[in-house]
Amino acid sequence: MESDVTYVDLKFTSNVGKTSKLRSALTETSPTQKKTVQWRCLAVSALVICFLLLATLIALIIMYSLMTARLQQLQISHSRALMYIGCKDKPSDTDCKQYFTKSCPKDWLQNNSQCYYFSVVESWHQKSRENCKLNESFLVSILDRQEQDFITRNKGPHLYWIGLTDFQEEGTWKWLNGSALQKDRFWRCDQPDKEGDKGKEDCATLGSSPCDEDSILHNWSDENCWEDHRYICKKKAMEIQKEFVL
């Protein structure tokens with residue numbers, strides 16, 4: 001028995017053409033869309049340019065401010081330099097005091113505006129005065145408690161001649177410059193003693209052992225002027241012009 005065979009005609013339609021047309025449609029842009037894209041590009045470019053210009057302007061402003069500040073600083077430094085030069089040898093001038101400082105020679109101690117030299121050799125009173133004079137100074141006169149405290153703290157375990165005597169009138173003690181003894185007197189508790197009243201001890205020393213712990217500053221005693229002791233010289237501190245700093 002013969003089999004019935006049915007033949008069917010199959011038609012295949014190619015989609016290649018349709019795909020190409022679809023791609024073409026997608027890639028094609030209308031004139032309106034093209035203009036929109038162009039405007040967007042221009043807007044972005046304009047924003048970038050504006051940002052760069054703003055950044056440049058800010059940088060220029062900062063540089064100008066820095067240069068102006070530096071110029072003002074240089075002007076101030078120049079004025080100060082001229083003032084510094086003009087103040088040479090004028091330490092007492094009110095405007096010049098800022099450029100000076102007080103200083104003492106080597107081996108001298110400074111207390112406020114005064115310099116003190118504590119000798120390491122001994123001599124009698126008159127010779128001690130002469131030694132101080134050679135250093136353009138004088139045997140120390142003690143004007144107040146603060147000065148007495150400073151000297152006491154730096155004297156060490158020694159007796160020192162000071163510029164106090166009763167040469168002119170027995171029992172009336174005066175400094176060598178002629179000034180009277182101030183209210184603050186720092187005699188040791190048993191000084192000046194009776195030997196001094198007899199005219200044998202007319203010169204004062206500093207450094208005697210105190211009578212007790214509460215009177216450590218009271219360490220003056222009257223001594224025979226011909227004895228050998230260390231001595232303390234005193235003079236004004238020198239005015240030294242400071243190093244100029246811009």
# chains A, B, ... in the order shown; residues from 1 in each chain; ligands from 1

call {"tool": "residues_around", "arguments": {"residues": "A:Asn111", "least_positions_apart": "3", "cutoff": "8 Å", "atoms": "only C-alpha atoms", "output": "VMD selection string"}}
result
chain A and resid 114 to 116 147 150

call {"tool": "select_by_dssp", "arguments": {"residues": "stretch 68-240 of chain A", "states": "strand (DSSP E)", "output": "MDAnalysis selection string"}}
result
chainID A and resid 100:103 109:111 114:118 138:139 160:165 174:175 203:206 220:223 230:236 238:240

call {"tool": "residues_around", "arguments": {"residues": "A:Leu164", "least_positions_apart": "2", "cutoff": "7 Å", "atoms": "only C-alpha atoms", "output": "ChimeraX atom specification"}}
result
/A:162,173-176,203-204

call {"tool": "write_last_selection", "arguments": {"atoms": "N, CA, C and O atoms", "output": "mmCIF file, in the first residue's frame"}}
result
data_model
loop_
_atom_site.group_PDB
_atom_site.id
_atom_site.type_symbol
_atom_site.label_atom_id
_atom_site.label_comp_id
_atom_site.auth_asym_id
_atom_site.auth_seq_id
_atom_site.Cartn_x
_atom_site.Cartn_y
_atom_site.Cartn_z
ATOM 1 N N ILE A 162 81.319 96.283 103.110
ATOM 2 C CA ILE A 162 80.314 97.076 102.401
ATOM 3 C C ILE A 162 80.648 98.549 102.638
ATOM 4 O O ILE A 162 81.458 98.888 103.509
ATOM 5 N N TRP A 173 76.262 106.017 111.434
ATOM 6 C CA TRP A 173 76.702 105.244 110.256
ATOM 7 C C TRP A 173 76.135 105.840 108.976
ATOM 8 O O TRP A 173 74.940 106.130 108.876
ATOM 9 N N LYS A 174 77.046 106.014 108.009
ATOM 10 C CA LYS A 174 76.646 106.565 106.706
ATOM 11 C C LYS A 174 77.308 105.761 105.596
ATOM 12 O O LYS A 174 78.376 105.175 105.785
ATOM 13 N N TRP A 175 76.666 105.796 104.444
ATOM 14 C CA TRP A 175 77.269 105.183 103.257
ATOM 15 C C TRP A 175 78.385 106.082 102.744
ATOM 16 O O TRP A 175 78.400 107.287 103.008
ATOM 17 N N LEU A 176 79.294 105.512 101.990
ATOM 18 C CA LEU A 176 80.461 106.257 101.520
ATOM 19 C C LEU A 176 80.090 107.431 100.620
ATOM 20 O O LEU A 176 80.864 108.387 100.480
ATOM 21 N N CYS A 203 84.145 100.299 110.328
ATOM 22 C CA CYS A 203 83.713 99.847 109.001
ATOM 23 C C CYS A 203 82.798 98.641 109.151
ATOM 24 O O CYS A 203 82.985 97.798 110.046
ATOM 25 N N ALA A 204 81.821 98.540 108.246
ATOM 26 C CA ALA A 204 80.810 97.479 108.347
ATOM 27 C C ALA A 204 81.082 96.354 107.354
ATOM 28 O O ALA A 204 81.526 96.583 106.232
#

call {"tool": "closest_residue", "arguments": {"among": "A:Pro157, A:Ser123, A:Asp222, A:Met67", "to": "A:Gly171", "atoms": "only C-alpha atoms"}}
result
A:Asp222

call {"tool": "atom_distance", "arguments": {"atom1": "atom CA of A:Asp144", "atom2": "atom CA of A:Ala237"}}
result
18.0 Å

call {"tool": "select_by_dssp", "arguments": {"residues": "stretch 122-176 of chain A", "states": "alpha helix (DSSP H)", "output": "NGL selection string"}}
result
:A and (125-134 or 145-154)

call {"tool": "residues_around", "arguments": {"residues": "A:Ser209", "least_positions_apart": "2", "cutoff": "8 Å", "atoms": "only C-alpha atoms", "output": "ChimeraX atom specification"}}
result
/A:188,207,211,216,219

call {"tool": "write_last_selection", "arguments": {"atoms": "N, CA, C and O atoms", "output": "tab-separated table (two decimals), in the first residue's frame"}}
result
chain	number	residue	atom	x	y	z
A	188	ARG	N	73.42	92.61	112.81
A	188	ARG	CA	73.25	91.41	113.61
A	188	ARG	C	72.72	91.84	114.98
A	188	ARG	O	72.92	92.96	115.42
A	207	GLY	N	77.65	89.45	106.27
A	207	GLY	CA	77.90	88.02	106.20
A	207	GLY	C	78.07	87.34	107.54
A	207	GLY	O	78.37	86.14	107.58
A	211	CYS	N	71.71	85.60	114.41
A	211	CYS	CA	71.46	85.18	115.79
A	211	CYS	C	70.49	84.01	115.85
A	211	CYS	O	70.57	83.17	116.74
A	216	ILE	N	67.99	85.85	109.40
A	216	ILE	CA	69.10	85.54	108.48
A	216	ILE	C	69.58	86.76	107.70
A	216	ILE	O	70.74	86.87	107.33
A	219	ASN	N	72.76	90.50	109.15
A	219	ASN	CA	74.11	89.92	109.17
A	219	ASN	C	75.22	90.96	109.04
A	219	ASN	O	76.33	90.65	108.65

call {"tool": "closest_residue", "arguments": {"among": "A:Leu52, A:Gln168, A:Asp228, A:Asp202", "to": "A:Lys127", "atoms": "only C-alpha atoms"}}
result
A:Asp228
